Amino acid sequence: MNRVGVMVPCRLPPARLVSLARQAEEAGLDEVWVVEDCFFTGGVAVASSVLAATERITVGIGVLPTVARNPAIAAMELATLAGLHPGRLIAGFGHGVPSWMRQIGAYPPSPLAALRETLTTVRGLLAGERISFQGKHVRLDDVQLEFPPEVVPPVLSGVRGPRSLAVSGAAADGTILAEPSSPEYVRAALASITEGAGEPGAPERHSIVAYNFFAMDDDPARARALVRPYVVGCLQESTAPHIRPLPFAGDLLSLIEQGADLSADLSPEWVDRLSISGDQTRCVEQVRALHGAGAESVVLIPVGEEDKAIAAAGAVAEAAKR
């Protein structure tokens, strides 16, 4: 089933995040996603507060760095949330931003091994398994949760590159694709995920969550102006997996390599392709295009005034499902 959600930005204080999550539920959105970026708010703590403050909406954590928590402790926390709020939790894990992980002394010798081992052991523990595991990163000796959840939450992987996407296909219940997620990027990511999904023991079902910046306005130029700085900032920091599948990838990568001023040189058409923006009709078309490319859930990242953006997201979600 196609779903539409919204992300509550980590730059806001915790009380504001909870208030916006309530608004997302009232707006009829399917999901609300919370973020764990250094050094803002803790993903598990915010998810717990949001779950307690809402009744229906699914809460996603996107994403916990695999190397910042022992997988047994992470599984305990997730099992507690899933037990208290059955069927309303999605857990996400990722490599963690390398500079942040080095900053806290947690960057692993093998990020791919840390990801695969964490996904495998957390999923097993949440399913009630007794696990002994000696890997490159994860070491567990006869560990079993006392209170595994009756409704096991899906464990997703938030990754970008082809090798990481293949690990996600082999060891996760789904993949979270970071912003900007275009339909072309979704299709390209699915090809890498499918490689891993063919491995023995891979989960039978794999869902895709696609993040993208969102601004709705009757004037497309105003909407574009709102999302442009976010798209530019993401491209300046991102790696090529987001960009390479796009038809204008060569020109865009050339600008990035030349150190061009993307805030001035990024064409309006490119901004439109790298965001969900414009009037309601255009936004609905873009959401449907991502669903059509294989994203089960499209998560809108509001820019501008959050209250208005979440109300607009609800309107887009309703229209996209008609």
# chains A, B, ... in the order shown; residues from 1 in each chain; ligands from 1
call {"tool": "select_by_dssp", "arguments": {"residues": "range 171-308 of chain A", "states": "helix (DSSP H, G or I)", "output": "NGL selection string"}}
result
:A and (171 or 183-197 or 220-237 or 240-242 or 249-257 or 262-265 or 268-273 or 280-293 or 306-308)
call {"tool": "residues_around", "arguments": {"residues": "range 51-64 of chain A", "least_positions_apart": "5", "cutoff": "8 Å", "atoms": "only C-alpha atoms", "output": "list in words"}}
result
Val18, Ala21, Arg22, Glu25, Leu29, Asp30, Glu31, Val32, Trp33, Val34, Val35, Glu36, Gly43, Val44, His85, Gly87, Arg88, Leu89, Ile90, Ala91, Gly92, Phe93, Gly94, Gly96, Ser157, Gly158 and Ile176 of chain A
call {"tool": "atom_distance", "arguments": {"atom1": "CA of Val6 in chain A", "atom2": "CA of Asn212 in chain A"}}
result
9.5 Å
call {"tool": "atom_distance", "arguments": {"atom1": "CA of Pro229 in chain A", "atom2": "CA of Leu262 in chain A"}}
result
9.0 Å
call {"tool": "closest_residue", "arguments": {"among": "A:Asn2, A:Thr66, A:Ser254, A:Ser164", "to": "Ile208 in chain A", "atoms": "only C-alpha atoms"}}
result
A:Asn2
call {"tool": "residues_around", "arguments": {"residues": "Glu204 in chain A", "least_positions_apart": "2", "cutoff": "10 Å", "atoms": "only C-alpha atoms", "output": "list in words"}}
result
Gly169, Ala170, Ala172, Asp173, Ala197, Gly198, Gly201, Ala202 and His206 of chain A
call {"tool": "atom_distance", "arguments": {"atom1": "CA of Glu77 in chain A", "atom2": "CA of Leu140 in chain A"}}
result
16.6 Å
call {"tool": "select_by_dssp", "arguments": {"residues": "range 49-178 of chain A", "states": "strand (DSSP E or B)", "output": "ChimeraX atom specification"}}
result
/A:58-65,89-94,131-134,139-143,155-158,174-177
call {"tool": "write_last_selection", "arguments": {"atoms": "N, CA and C atoms", "output": "PDB file, in the first residue's frame"}}
result
ATOM      1  N   THR A  58       2.052   6.052  12.219  1.00  0.00           N
ATOM      2  CA  THR A  58       3.270   5.252  12.342  1.00  0.00           C
ATOM      3  C   THR A  58       4.457   6.180  12.524  1.00  0.00           C
ATOM      4  N   VAL A  59       5.373   5.797  13.399  1.00  0.00           N
ATOM      5  CA  VAL A  59       6.549   6.618  13.693  1.00  0.00           C
ATOM      6  C   VAL A  59       7.798   5.893  13.211  1.00  0.00           C
ATOM      7  N   GLY A  60       8.556   6.557  12.338  1.00  0.00           N
ATOM      8  CA  GLY A  60       9.801   6.002  11.839  1.00  0.00           C
ATOM      9  C   GLY A  60      10.991   6.708  12.443  1.00  0.00           C
ATOM     10  N   ILE A  61      12.030   5.957  12.738  1.00  0.00           N
ATOM     11  CA  ILE A  61      13.293   6.522  13.217  1.00  0.00           C
ATOM     12  C   ILE A  61      14.273   6.427  12.062  1.00  0.00           C
ATOM     13  N   GLY A  62      14.670   7.566  11.541  1.00  0.00           N
ATOM     14  CA  GLY A  62      15.536   7.510  10.370  1.00  0.00           C
ATOM     15  C   GLY A  62      16.694   8.503  10.448  1.00  0.00           C
ATOM     16  N   VAL A  63      17.861   8.057  10.845  1.00  0.00           N
ATOM     17  CA  VAL A  63      18.235   6.685  11.207  1.00  0.00           C
ATOM     18  C   VAL A  63      19.160   6.714  12.414  1.00  0.00           C
ATOM     19  N   LEU A  64      19.274   5.541  13.086  1.00  0.00           N
ATOM     20  CA  LEU A  64      20.218   5.384  14.173  1.00  0.00           C
ATOM     21  C   LEU A  64      21.564   4.932  13.607  1.00  0.00           C
ATOM     22  N   PRO A  65      22.676   5.557  14.007  1.00  0.00           N
ATOM     23  CA  PRO A  65      23.977   5.083  13.529  1.00  0.00           C
ATOM     24  C   PRO A  65      24.287   3.696  14.112  1.00  0.00           C
ATOM     25  N   LEU A  89       5.699   1.312  14.811  1.00  0.00           N
ATOM     26  CA  LEU A  89       7.110   1.699  14.816  1.00  0.00           C
ATOM     27  C   LEU A  89       7.831   1.142  13.596  1.00  0.00           C
ATOM     28  N   ILE A  90       8.678   1.974  12.986  1.00  0.00           N
ATOM     29  CA  ILE A  90       9.649   1.544  11.976  1.00  0.00           C
ATOM     30  C   ILE A  90      11.021   1.978  12.472  1.00  0.00           C
ATOM     31  N   ALA A  91      11.955   1.037  12.511  1.00  0.00           N
ATOM     32  CA  ALA A  91      13.308   1.335  12.994  1.00  0.00           C
ATOM     33  C   ALA A  91      14.260   1.441  11.817  1.00  0.00           C
ATOM     34  N   GLY A  92      15.049   2.490  11.795  1.00  0.00           N
ATOM     35  CA  GLY A  92      16.033   2.665  10.736  1.00  0.00           C
ATOM     36  C   GLY A  92      17.440   2.743  11.283  1.00  0.00           C
ATOM     37  N   PHE A  93      18.382   2.106  10.581  1.00  0.00           N
ATOM     38  CA  PHE A  93      19.797   2.155  10.938  1.00  0.00           C
ATOM     39  C   PHE A  93      20.600   2.581   9.710  1.00  0.00           C
ATOM     40  N   GLY A  94      21.695   3.291   9.965  1.00  0.00           N
ATOM     41  CA  GLY A  94      22.590   3.679   8.884  1.00  0.00           C
ATOM     42  C   GLY A  94      24.026   3.678   9.351  1.00  0.00           C
ATOM     43  N   ILE A 131      20.765 -15.257  20.505  1.00  0.00           N
ATOM     44  CA  ILE A 131      21.851 -15.017  19.554  1.00  0.00           C
ATOM     45  C   ILE A 131      23.218 -15.024  20.233  1.00  0.00           C
ATOM     46  N   SER A 132      24.122 -15.785  19.648  1.00  0.00           N
ATOM     47  CA  SER A 132      25.556 -15.677  19.905  1.00  0.00           C
ATOM     48  C   SER A 132      26.200 -15.329  18.573  1.00  0.00           C
ATOM     49  N   PHE A 133      26.993 -14.287  18.565  1.00  0.00           N
ATOM     50  CA  PHE A 133      27.508 -13.773  17.295  1.00  0.00           C
ATOM     51  C   PHE A 133      28.887 -13.171  17.526  1.00  0.00           C
ATOM     52  N   GLN A 134      29.845 -13.584  16.734  1.00  0.00           N
ATOM     53  CA  GLN A 134      31.189 -13.025  16.805  1.00  0.00           C
ATOM     54  C   GLN A 134      31.570 -12.504  15.424  1.00  0.00           C
ATOM     55  N   ARG A 139      29.577  -8.359  18.737  1.00  0.00           N
ATOM     56  CA  ARG A 139      29.915  -9.554  19.518  1.00  0.00           C
ATOM     57  C   ARG A 139      28.861  -9.738  20.609  1.00  0.00           C
ATOM     58  N   LEU A 140      28.073 -10.788  20.461  1.00  0.00           N
ATOM     59  CA  LEU A 140      27.020 -11.092  21.425  1.00  0.00           C
ATOM     60  C   LEU A 140      27.195 -12.529  21.908  1.00  0.00           C
ATOM     61  N   ASP A 141      27.011 -12.724  23.198  1.00  0.00           N
ATOM     62  CA  ASP A 141      27.178 -14.047  23.797  1.00  0.00           C
ATOM     63  C   ASP A 141      25.873 -14.473  24.460  1.00  0.00           C
ATOM     64  N   ASP A 142      25.107 -15.344  23.772  1.00  0.00           N
ATOM     65  CA  ASP A 142      23.892 -15.933  24.326  1.00  0.00           C
ATOM     66  C   ASP A 142      22.902 -14.851  24.790  1.00  0.00           C
ATOM     67  N   VAL A 143      22.538 -13.967  23.883  1.00  0.00           N
ATOM     68  CA  VAL A 143      21.649 -12.840  24.195  1.00  0.00           C
ATOM     69  C   VAL A 143      20.248 -13.126  23.659  1.00  0.00           C
ATOM     70  N   VAL A 155      12.847  -3.383  10.344  1.00  0.00           N
ATOM     71  CA  VAL A 155      14.143  -2.746  10.543  1.00  0.00           C
ATOM     72  C   VAL A 155      14.688  -2.378   9.164  1.00  0.00           C
ATOM     73  N   LEU A 156      14.795  -1.091   8.911  1.00  0.00           N
ATOM     74  CA  LEU A 156      15.227  -0.593   7.618  1.00  0.00           C
ATOM     75  C   LEU A 156      16.654  -0.069   7.693  1.00  0.00           C
ATOM     76  N   SER A 157      17.245   0.088   6.530  1.00  0.00           N
ATOM     77  CA  SER A 157      18.600   0.613   6.433  1.00  0.00           C
ATOM     78  C   SER A 157      18.592   1.896   5.632  1.00  0.00           C
ATOM     79  N   GLY A 158      19.156   2.962   6.196  1.00  0.00           N
ATOM     80  CA  GLY A 158      19.258   4.229   5.488  1.00  0.00           C
ATOM     81  C   GLY A 158      20.647   4.369   4.892  1.00  0.00           C
ATOM     82  N   GLY A 174      13.812  -3.144   4.610  1.00  0.00           N
ATOM     83  CA  GLY A 174      13.545  -2.056   3.685  1.00  0.00           C
ATOM     84  C   GLY A 174      14.709  -1.092   3.655  1.00  0.00           C
ATOM     85  N   THR A 175      14.614  -0.107   2.775  1.00  0.00           N
ATOM     86  CA  THR A 175      15.681   0.879   2.611  1.00  0.00           C
ATOM     87  C   THR A 175      15.080   2.275   2.644  1.00  0.00           C
ATOM     88  N   ILE A 176      15.748   3.164   3.368  1.00  0.00           N
ATOM     89  CA  ILE A 176      15.396   4.580   3.399  1.00  0.00           C
ATOM     90  C   ILE A 176      16.359   5.308   2.472  1.00  0.00           C
ATOM     91  N   LEU A 177      15.833   5.945   1.439  1.00  0.00           N
ATOM     92  CA  LEU A 177      16.655   6.688   0.489  1.00  0.00           C
ATOM     93  C   LEU A 177      16.625   8.165   0.860  1.00  0.00           C
TER      94      LEU A 177
END
call {"tool": "closest_residue", "arguments": {"among": "A:Ala289, A:Leu255, A:Ile301, A:Val152", "to": "Cys10 in chain A", "atoms": "only C-alpha atoms"}}
result
A:Ile301
call {"tool": "residues_around", "arguments": {"residues": "Glu146 in chain A", "least_positions_apart": "5", "cutoff": "12 Å", "atoms": "only C-alpha atoms", "output": "JSON, numbers by chain"}}
result
{"A": [72, 75, 76, 79, 80, 83, 125, 126, 127, 128, 129, 130]}
call {"tool": "write_last_selection", "arguments": {"atoms": "N, CA and C atoms", "output": "mmCIF file, in the first residue's frame"}}
result
data_model
loop_
_atom_site.group_PDB
_atom_site.id
_atom_site.type_symbol
_atom_site.label_atom_id
_atom_site.label_comp_id
_atom_site.auth_asym_id
_atom_site.auth_seq_id
_atom_site.Cartn_x
_atom_site.Cartn_y
_atom_site.Cartn_z
ATOM 1 N N ALA A 72 22.377 -5.031 21.022
ATOM 2 C CA ALA A 72 21.484 -5.607 22.029
ATOM 3 C C ALA A 72 20.720 -4.503 22.762
ATOM 4 N N ALA A 75 18.165 -3.065 20.376
ATOM 5 C CA ALA A 75 17.013 -3.958 20.267
ATOM 6 C C ALA A 75 16.125 -3.857 21.499
ATOM 7 N N MET A 76 16.713 -3.713 22.692
ATOM 8 C CA MET A 76 15.921 -3.543 23.913
ATOM 9 C C MET A 76 15.050 -2.290 23.817
ATOM 10 N N ALA A 79 12.341 -2.813 21.130
ATOM 11 C CA ALA A 79 11.335 -3.772 21.587
ATOM 12 C C ALA A 79 10.389 -3.140 22.595
ATOM 13 N N THR A 80 10.932 -2.278 23.449
ATOM 14 C CA THR A 80 10.087 -1.584 24.426
ATOM 15 C C THR A 80 9.067 -0.696 23.730
ATOM 16 N N GLY A 83 6.521 -2.827 21.907
ATOM 17 C CA GLY A 83 5.596 -3.471 22.833
ATOM 18 C C GLY A 83 4.545 -2.516 23.365
ATOM 19 N N LEU A 125 17.046 -10.437 17.283
ATOM 20 C CA LEU A 125 16.651 -10.223 18.680
ATOM 21 C C LEU A 125 15.192 -9.770 18.766
ATOM 22 N N LEU A 126 14.783 -8.880 17.876
ATOM 23 C CA LEU A 126 13.398 -8.423 17.905
ATOM 24 C C LEU A 126 12.426 -9.558 17.586
ATOM 25 N N ALA A 127 12.896 -10.528 16.824
ATOM 26 C CA ALA A 127 12.057 -11.681 16.491
ATOM 27 C C ALA A 127 12.050 -12.733 17.591
ATOM 28 N N GLY A 128 12.774 -12.467 18.699
ATOM 29 C CA GLY A 128 12.768 -13.389 19.831
ATOM 30 C C GLY A 128 13.861 -14.437 19.815
ATOM 31 N N GLU A 129 14.811 -14.317 18.892
ATOM 32 C CA GLU A 129 15.868 -15.323 18.792
ATOM 33 C C GLU A 129 16.891 -15.170 19.919
ATOM 34 N N ARG A 130 17.527 -16.273 20.262
ATOM 35 C CA ARG A 130 18.684 -16.265 21.173
ATOM 36 C C ARG A 130 19.934 -16.244 20.298
#
call {"tool": "residues_around", "arguments": {"residues": "Ala317 in chain A", "least_positions_apart": "5", "cutoff": "9 Å", "atoms": "only C-alpha atoms", "output": "list in words"}}
result
Arg3, Val4, Gly5, Gly28, Leu29, Asp30, Val284, Val287 and Ala312 of chain A
call {"tool": "write_last_selection", "arguments": {"atoms": "C-alpha atoms", "output": "mmCIF file, in the first residue's frame"}}
result
data_model
loop_
_atom_site.group_PDB
_atom_site.id
_atom_site.type_symbol
_atom_site.label_atom_id
_atom_site.label_comp_id
_atom_site.auth_asym_id
_atom_site.auth_seq_id
_atom_site.Cartn_x
_atom_site.Cartn_y
_atom_site.Cartn_z
ATOM 1 C CA ARG A 3 1.916 5.717 1.974
ATOM 2 C CA VAL A 4 2.821 9.380 2.486
ATOM 3 C CA GLY A 5 4.603 10.704 5.541
ATOM 4 C CA GLY A 28 -4.205 12.422 7.948
ATOM 5 C CA LEU A 29 -0.614 11.504 7.102
ATOM 6 C CA ASP A 30 0.387 7.849 7.371
ATOM 7 C CA VAL A 284 0.700 15.125 -6.258
ATOM 8 C CA VAL A 287 4.515 11.847 -5.169
ATOM 9 C CA ALA A 312 -0.223 21.039 2.790
#
call {"tool": "closest_residue", "arguments": {"among": "A:Ala313, A:Leu17, A:Ile193, A:Val186", "to": "Gly292 in chain A", "atoms": "only C-alpha atoms"}}
result
A:Val186
call {"tool": "closest_residue", "arguments": {"among": "A:Leu190, A:Ala309, A:Ala260, A:Ala178", "to": "Leu274 in chain A", "atoms": "only C-alpha atoms"}}
result
A:Ala178
call {"tool": "residues_around", "arguments": {"residues": "Phe214 in chain A", "least_positions_apart": "4", "cutoff": "9 Å", "atoms": "only C-alpha atoms", "output": "PyMOL selection string"}}
result
chain A and resi 223+226-227+275-278+283+300-303+309+313
call {"tool": "write_last_selection", "arguments": {"atoms": "N, CA and C atoms", "output": "PDB file, in the first residue's frame"}}
result
ATOM      1  N   ALA A 223       7.492  28.331  -4.497  1.00  0.00           N
ATOM      2  CA  ALA A 223       7.803  27.012  -3.946  1.00  0.00           C
ATOM      3  C   ALA A 223       9.237  26.620  -4.268  1.00  0.00           C
ATOM      4  N   LEU A 226      11.750  28.325  -2.083  1.00  0.00           N
ATOM      5  CA  LEU A 226      11.831  27.756  -0.739  1.00  0.00           C
ATOM      6  C   LEU A 226      12.722  26.522  -0.692  1.00  0.00           C
ATOM      7  N   VAL A 227      12.590  25.637  -1.684  1.00  0.00           N
ATOM      8  CA  VAL A 227      13.356  24.377  -1.623  1.00  0.00           C
ATOM      9  C   VAL A 227      14.775  24.521  -2.155  1.00  0.00           C
ATOM     10  N   SER A 275      13.095  17.852  -6.057  1.00  0.00           N
ATOM     11  CA  SER A 275      12.251  18.217  -4.915  1.00  0.00           C
ATOM     12  C   SER A 275      10.812  17.859  -5.256  1.00  0.00           C
ATOM     13  N   ILE A 276       9.964  17.951  -4.264  1.00  0.00           N
ATOM     14  CA  ILE A 276       8.519  17.889  -4.486  1.00  0.00           C
ATOM     15  C   ILE A 276       8.008  19.286  -4.198  1.00  0.00           C
ATOM     16  N   SER A 277       7.803  20.044  -5.262  1.00  0.00           N
ATOM     17  CA  SER A 277       7.482  21.457  -5.087  1.00  0.00           C
ATOM     18  C   SER A 277       6.605  21.938  -6.225  1.00  0.00           C
ATOM     19  N   GLY A 278       5.920  23.043  -5.967  1.00  0.00           N
ATOM     20  CA  GLY A 278       5.009  23.613  -6.939  1.00  0.00           C
ATOM     21  C   GLY A 278       3.604  23.696  -6.376  1.00  0.00           C
ATOM     22  N   CYS A 283       2.734  18.705  -7.058  1.00  0.00           N
ATOM     23  CA  CYS A 283       3.243  17.923  -5.931  1.00  0.00           C
ATOM     24  C   CYS A 283       2.644  16.515  -5.924  1.00  0.00           C
ATOM     25  N   LEU A 300       7.836  13.501   3.024  1.00  0.00           N
ATOM     26  CA  LEU A 300       8.024  14.899   2.664  1.00  0.00           C
ATOM     27  C   LEU A 300       8.776  15.620   3.775  1.00  0.00           C
ATOM     28  N   ILE A 301       9.823  16.340   3.391  1.00  0.00           N
ATOM     29  CA  ILE A 301      10.609  17.128   4.343  1.00  0.00           C
ATOM     30  C   ILE A 301      10.176  18.581   4.197  1.00  0.00           C
ATOM     31  N   PRO A 302       9.393  19.102   5.130  1.00  0.00           N
ATOM     32  CA  PRO A 302       8.839  20.447   4.953  1.00  0.00           C
ATOM     33  C   PRO A 302       9.901  21.522   5.070  1.00  0.00           C
ATOM     34  N   VAL A 303       9.827  22.511   4.184  1.00  0.00           N
ATOM     35  CA  VAL A 303      10.670  23.698   4.298  1.00  0.00           C
ATOM     36  C   VAL A 303       9.733  24.892   4.444  1.00  0.00           C
ATOM     37  N   ALA A 309       3.238  23.777   6.090  1.00  0.00           N
ATOM     38  CA  ALA A 309       3.772  22.708   5.246  1.00  0.00           C
ATOM     39  C   ALA A 309       3.155  21.365   5.596  1.00  0.00           C
ATOM     40  N   ALA A 313       1.038  19.020   3.257  1.00  0.00           N
ATOM     41  CA  ALA A 313       1.427  17.620   3.043  1.00  0.00           C
ATOM     42  C   ALA A 313       0.227  16.702   3.191  1.00  0.00           C
TER      43      ALA A 313
END
call {"tool": "closest_residue", "arguments": {"among": "A:Val167, A:Met216, A:Leu115, A:Ile104", "to": "Ala315 in chain A", "atoms": "only C-alpha atoms"}}
result
A:Met216
call {"tool": "closest_residue", "arguments": {"among": "A:Met101, A:Val231, A:Val50, A:Met1", "to": "Ala15 in chain A", "atoms": "only C-alpha atoms"}}
result
A:Val50
call {"tool": "decode", "arguments": {"residues": "range 28-43 of chain A", "atoms": "N, CA and C atoms", "output": "short mmCIF file (atom, residue, chain, number, x, y, z; two decimals), in the first residue's frame"}}
result
data_model
loop_
_atom_site.label_atom_id
_atom_site.label_comp_id
_atom_site.auth_asym_id
_atom_site.auth_seq_id
_atom_site.Cartn_x
_atom_site.Cartn_y
_atom_site.Cartn_z
N GLY A 28 -3.89 13.66 8.65
CA GLY A 28 -4.21 12.42 7.95
C GLY A 28 -3.02 11.73 7.32
N LEU A 29 -1.80 12.14 7.66
CA LEU A 29 -0.61 11.50 7.10
C LEU A 29 -0.42 10.11 7.70
N ASP A 30 0.20 9.23 6.93
CA ASP A 30 0.39 7.85 7.37
C ASP A 30 1.54 7.69 8.34
N GLU A 31 2.59 8.48 8.15
CA GLU A 31 3.82 8.31 8.92
C GLU A 31 4.39 9.65 9.33
N VAL A 32 5.11 9.65 10.46
CA VAL A 32 5.93 10.79 10.83
C VAL A 32 7.31 10.23 11.17
N TRP A 33 8.34 10.85 10.61
CA TRP A 33 9.70 10.36 10.78
C TRP A 33 10.50 11.34 11.63
N VAL A 34 11.26 10.79 12.58
CA VAL A 34 12.15 11.59 13.42
C VAL A 34 13.58 11.24 13.06
N VAL A 35 14.46 12.17 13.31
CA VAL A 35 15.84 12.07 12.85
C VAL A 35 16.78 12.06 14.04
N GLU A 36 17.88 11.31 13.91
CA GLU A 36 18.94 11.39 14.92
C GLU A 36 20.20 11.90 14.25
N ASP A 37 20.39 13.21 14.29
CA ASP A 37 21.60 13.85 13.78
C ASP A 37 22.39 14.37 14.98
N CYS A 38 23.71 14.27 14.90
CA CYS A 38 24.56 14.82 15.95
C CYS A 38 24.59 16.34 15.80
N PHE A 39 24.38 17.09 16.82
CA PHE A 39 24.11 16.71 18.20
C PHE A 39 22.82 17.40 18.62
N PHE A 40 21.72 16.95 18.05
CA PHE A 40 20.43 17.57 18.23
C PHE A 40 19.60 16.78 19.24
N THR A 41 18.71 15.92 18.77
CA THR A 41 17.85 15.15 19.68
C THR A 41 18.05 13.66 19.43
N GLY A 42 17.82 12.86 20.47
CA GLY A 42 17.97 11.42 20.37
C GLY A 42 16.77 10.80 19.66
N GLY A 43 17.04 9.95 18.67
CA GLY A 43 15.97 9.38 17.88
C GLY A 43 15.00 8.52 18.68
#
